[in-house]
Each structure stands twice: as C-alpha cells, then as structure tokens.
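So the structure is just underneath, and the comments pick up after that.
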Amino acid sequence: MKGVIFSIKRYSVHDGPGIRVTFFLKGCPLSCLWCHNPEGISPEIIKTDRKDRIGEMEFSEIEDVGHKYSVQDLITIVEKERVFIERSEGGVTFSGGEPSMQLDFLSEALKAIKNIGIHTAVDTCGYTTGENLLKIFPCTDLFLFDLKHMDPQMHLKYTGVSNELILENYRLVAESGKDFMVRIPVIPGYNDDDENIYKLREMIIKINHKNLKKISLLPFHKIGSSKYKRFNMKYSMESIVPPSNERMMELKEFYMKTDIKVKIGG
Ligand code: SF4
C-alpha cells in the first residue's frame, strides 16, 4: 500500500515532543482561508511550474507536488533519524492536510512505526468520522488537535465546514485517555476576538483535560502566501496583519489562568 505525501520535515521541533520526522499527507476536507500548506488540500498529486533564478537567468521546471511512498519507505527515512529521535525523546508525526483522509495508509504506517519502538503523533483538524479516529487510537501515542472557531457559521465561512463534527471528535479524543495537545491558530479579525477566545477556553476546561499536555497558540503568518500564486489559488489574507507580541502575550496569559501548559508557537 502507498500513501501520497507532499512534504517530509526532518528535525521538526514544533509537531510534538522532542525531535521528530513529520510526514505531511495530501488531502484535507477543510479549506481554511489562512492555510499555509494550500498545496496539501487536494488529495491528488498536482504538477507545478517551479521557477528558480541564478543571477539574470531564470529556470523553469515542472515538478510533482506529492509523491507516493510505501510504509517501508517511511521506516527507512525514520531509521536514518533514529539516533536524534531517541536522544531527544521525539518521534514521528503525521500531519497534512488531514492525515485521516488516507486512513488505511495512515493506520499501516502508525502500526509499523510503533512496531519499531518509536513514539507516534497525529495532527488532525478533527473533521473525520469517530470510527476513523477509533481505528488509529491503538497506534497513536499523541494527538495534536486543531481548534479554530466555536461559532458553527463562522467556522463554515472561514474553513468551508461547520464545527459540529470537529467538536464531537474533540470530546472523543479528550475523553479517550490518550495524550493530546490543542493547537489554535490566532487569525486577527477571524477568530482572535475575546468572545471566541473565551468560548474556546471554556470548552477546553469543561471537557476532560487530564491528558491535555499543552495548548499551542499559533500566530498567523504569511510565510506560505506565495504558494497561492504558484498553485493558481486565491489568497484572501494579504491585508491581514499578524498579531502583535502584546496580543499573543495577552492571549497566553488568559489561557494560563487554567491549570494547562500554554505556549506561543508549536
Ligand atoms: S485544516 Fe490545516 S491543512 Fe486543512 S485547510 Fe485548514 S489549515 Fe490547511
């Protein structure tokens, strides 16, 4: 069995504990306006015209975004990094996109990585069936669960889907006894208003958070914005200014009033 992966990050320190290898699986059921991996939304392998410049000369090359990998390919990549992973108590993270879009491949890969004694994490937007999550529970040591907006209509407007299923699955993960972390992108004018921030915090506190290891507040940035042009996609966040350090500190302090560890960044 093969999966489609559009990026592999070695020495990743923002996708779970320690040094990790992060595999970005193609396909996402959401289309967040601020997504910085827009090339990962389509489940298909797409072609792009990559332009490079050396001095006055411009080079153009057609390349695939997304490549097929077998589970054994992944193991080979991970084994090369084992020493760093073990020394740092790190592991492997599956991100995307939404990794559960390739459920069979994800399950096989998680199982194989656990079998070689390496910690596994799954970064999910939560928009999948409960059955899909249950299928990967046994081989997932940690979930990174992304939360964006508490208002179903706003969630639909900004991400293309409502949040009901996501919140249902959040409860499933939180009450499962599995370790998990929450990731909240902070997008000025979209989800950083006091009301949403308050409601998100209340929801997190009310639901079992015994195994919640950390809340990461991820400030909006435009690092991936040039990709929209490259992939002929519309980017509507050009005029949005990243949140100030003061605002991020304010939000951090607000979340720190809970008994949960809070961090700005991953
Ligand atoms: S859930 Fe993540 S990967 Fe999917 S569109 Fe939103 S930001 Fe992009």
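All residue names refer to the structure tokens as shown: chains lettered A, B, ... in order, residues numbered from 1 in each chain, ligands numbered from 1 in order.
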
Taking only C-alpha atoms and all ligand atoms into account, produce a table as JSON lines in which each residue of chain A with an atom at most 10 Å from an atom of ligand 1 appears once, together with its shortest atom pair and the distance in Å to one decimal, ordered by chain and rising number.
```
{"residue": "A:Phe24", "atom": "CA", "partner": "ligand 1", "partner_atom_place_in_ligand_line": "3 (S)", "distance": 9.2}
{"residue": "A:Leu25", "atom": "CA", "partner": "ligand 1", "partner_atom_place_in_ligand_line": "3 (S)", "distance": 9.5}
{"residue": "A:Lys26", "atom": "CA", "partner": "ligand 1", "partner_atom_place_in_ligand_line": "3 (S)", "distance": 8.9}
{"residue": "A:Gly27", "atom": "CA", "partner": "ligand 1", "partner_atom_place_in_ligand_line": "4 (Fe)", "distance": 7.8}
{"residue": "A:Cys28", "atom": "CA", "partner": "ligand 1", "partner_atom_place_in_ligand_line": "4 (Fe)", "distance": 4.8}
{"residue": "A:Pro29", "atom": "CA", "partner": "ligand 1", "partner_atom_place_in_ligand_line": "4 (Fe)", "distance": 6.6}
{"residue": "A:Leu30", "atom": "CA", "partner": "ligand 1", "partner_atom_place_in_ligand_line": "5 (S)", "distance": 4.5}
{"residue": "A:Ser31", "atom": "CA", "partner": "ligand 1", "partner_atom_place_in_ligand_line": "5 (S)", "distance": 3.9}
{"residue": "A:Cys32", "atom": "CA", "partner": "ligand 1", "partner_atom_place_in_ligand_line": "6 (Fe)", "distance": 4.2}
{"residue": "A:Leu33", "atom": "CA", "partner": "ligand 1", "partner_atom_place_in_ligand_line": "5 (S)", "distance": 7.4}
{"residue": "A:Trp34", "atom": "CA", "partner": "ligand 1", "partner_atom_place_in_ligand_line": "7 (S)", "distance": 6.5}
{"residue": "A:Cys35", "atom": "CA", "partner": "ligand 1", "partner_atom_place_in_ligand_line": "7 (S)", "distance": 3.9}
{"residue": "A:His36", "atom": "CA", "partner": "ligand 1", "partner_atom_place_in_ligand_line": "8 (Fe)", "distance": 6.3}
{"residue": "A:Asn37", "atom": "CA", "partner": "ligand 1", "partner_atom_place_in_ligand_line": "8 (Fe)", "distance": 5.7}
{"residue": "A:Pro38", "atom": "CA", "partner": "ligand 1", "partner_atom_place_in_ligand_line": "8 (Fe)", "distance": 6.0}
{"residue": "A:Glu39", "atom": "CA", "partner": "ligand 1", "partner_atom_place_in_ligand_line": "8 (Fe)", "distance": 8.8}
{"residue": "A:Gly40", "atom": "CA", "partner": "ligand 1", "partner_atom_place_in_ligand_line": "3 (S)", "distance": 6.5}
{"residue": "A:Ile41", "atom": "CA", "partner": "ligand 1", "partner_atom_place_in_ligand_line": "5 (S)", "distance": 6.0}
{"residue": "A:Ser42", "atom": "CA", "partner": "ligand 1", "partner_atom_place_in_ligand_line": "5 (S)", "distance": 9.6}
{"residue": "A:Ser95", "atom": "CA", "partner": "ligand 1", "partner_atom_place_in_ligand_line": "3 (S)", "distance": 8.1}
{"residue": "A:Gly96", "atom": "CA", "partner": "ligand 1", "partner_atom_place_in_ligand_line": "3 (S)", "distance": 5.4}
{"residue": "A:Gly97", "atom": "CA", "partner": "ligand 1", "partner_atom_place_in_ligand_line": "3 (S)", "distance": 3.9}
{"residue": "A:Glu98", "atom": "CA", "partner": "ligand 1", "partner_atom_place_in_ligand_line": "4 (Fe)", "distance": 6.0}
{"residue": "A:Pro99", "atom": "CA", "partner": "ligand 1", "partner_atom_place_in_ligand_line": "3 (S)", "distance": 9.3}
{"residue": "A:Asp123", "atom": "CA", "partner": "ligand 1", "partner_atom_place_in_ligand_line": "2 (Fe)", "distance": 9.1}
{"residue": "A:Thr124", "atom": "CA", "partner": "ligand 1", "partner_atom_place_in_ligand_line": "1 (S)", "distance": 7.6}
{"residue": "A:Cys125", "atom": "CA", "partner": "ligand 1", "partner_atom_place_in_ligand_line": "1 (S)", "distance": 5.0}
{"residue": "A:Gly126", "atom": "CA", "partner": "ligand 1", "partner_atom_place_in_ligand_line": "1 (S)", "distance": 8.4}
{"residue": "A:Tyr127", "atom": "CA", "partner": "ligand 1", "partner_atom_place_in_ligand_line": "1 (S)", "distance": 8.4}
{"residue": "A:Asp146", "atom": "CA", "partner": "ligand 1", "partner_atom_place_in_ligand_line": "1 (S)", "distance": 7.6}
{"residue": "A:Leu147", "atom": "CA", "partner": "ligand 1", "partner_atom_place_in_ligand_line": "1 (S)", "distance": 9.2}
{"residue": "A:Lys148", "atom": "CA", "partner": "ligand 1", "partner_atom_place_in_ligand_line": "6 (Fe)", "distance": 9.1}
{"residue": "A:Tyr158", "atom": "CA", "partner": "ligand 1", "partner_atom_place_in_ligand_line": "6 (Fe)", "distance": 9.2}
{"residue": "A:Thr159", "atom": "CA", "partner": "ligand 1", "partner_atom_place_in_ligand_line": "6 (Fe)", "distance": 6.4}
{"residue": "A:Gly160", "atom": "CA", "partner": "ligand 1", "partner_atom_place_in_ligand_line": "5 (S)", "distance": 8.8}
{"residue": "A:Pro185", "atom": "CA", "partner": "ligand 1", "partner_atom_place_in_ligand_line": "7 (S)", "distance": 8.6}
```

Selection near Asp49 in chain A, 12 Å with only C-alpha atoms, sequence-local residues under 4 positions removed, as a PyMOL selection string: chain A and resi 59-65+227+229-232

Residues flagged strand (DSSP E) by DSSP in range 25-77 of chain A, as a ChimeraX atom specification: /A:25,46-54,57-65,67-70

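With only C-alpha atoms as the atoms that count, the residue of A:Gly266, A:His119, A:Gly224, A:Asn132 with the shortest distance to Ile184 in chain A is A:Gly266.
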
Exercise: range 242-253 of chain A partners within 10 Å, only C-alpha atoms, chain neighbours under 2 positions left out, as an NGL selection string: :A and (186-189 or 192 or 194 or 197-198 or 215-222 or 239-240 or 255-258 or 261-265)
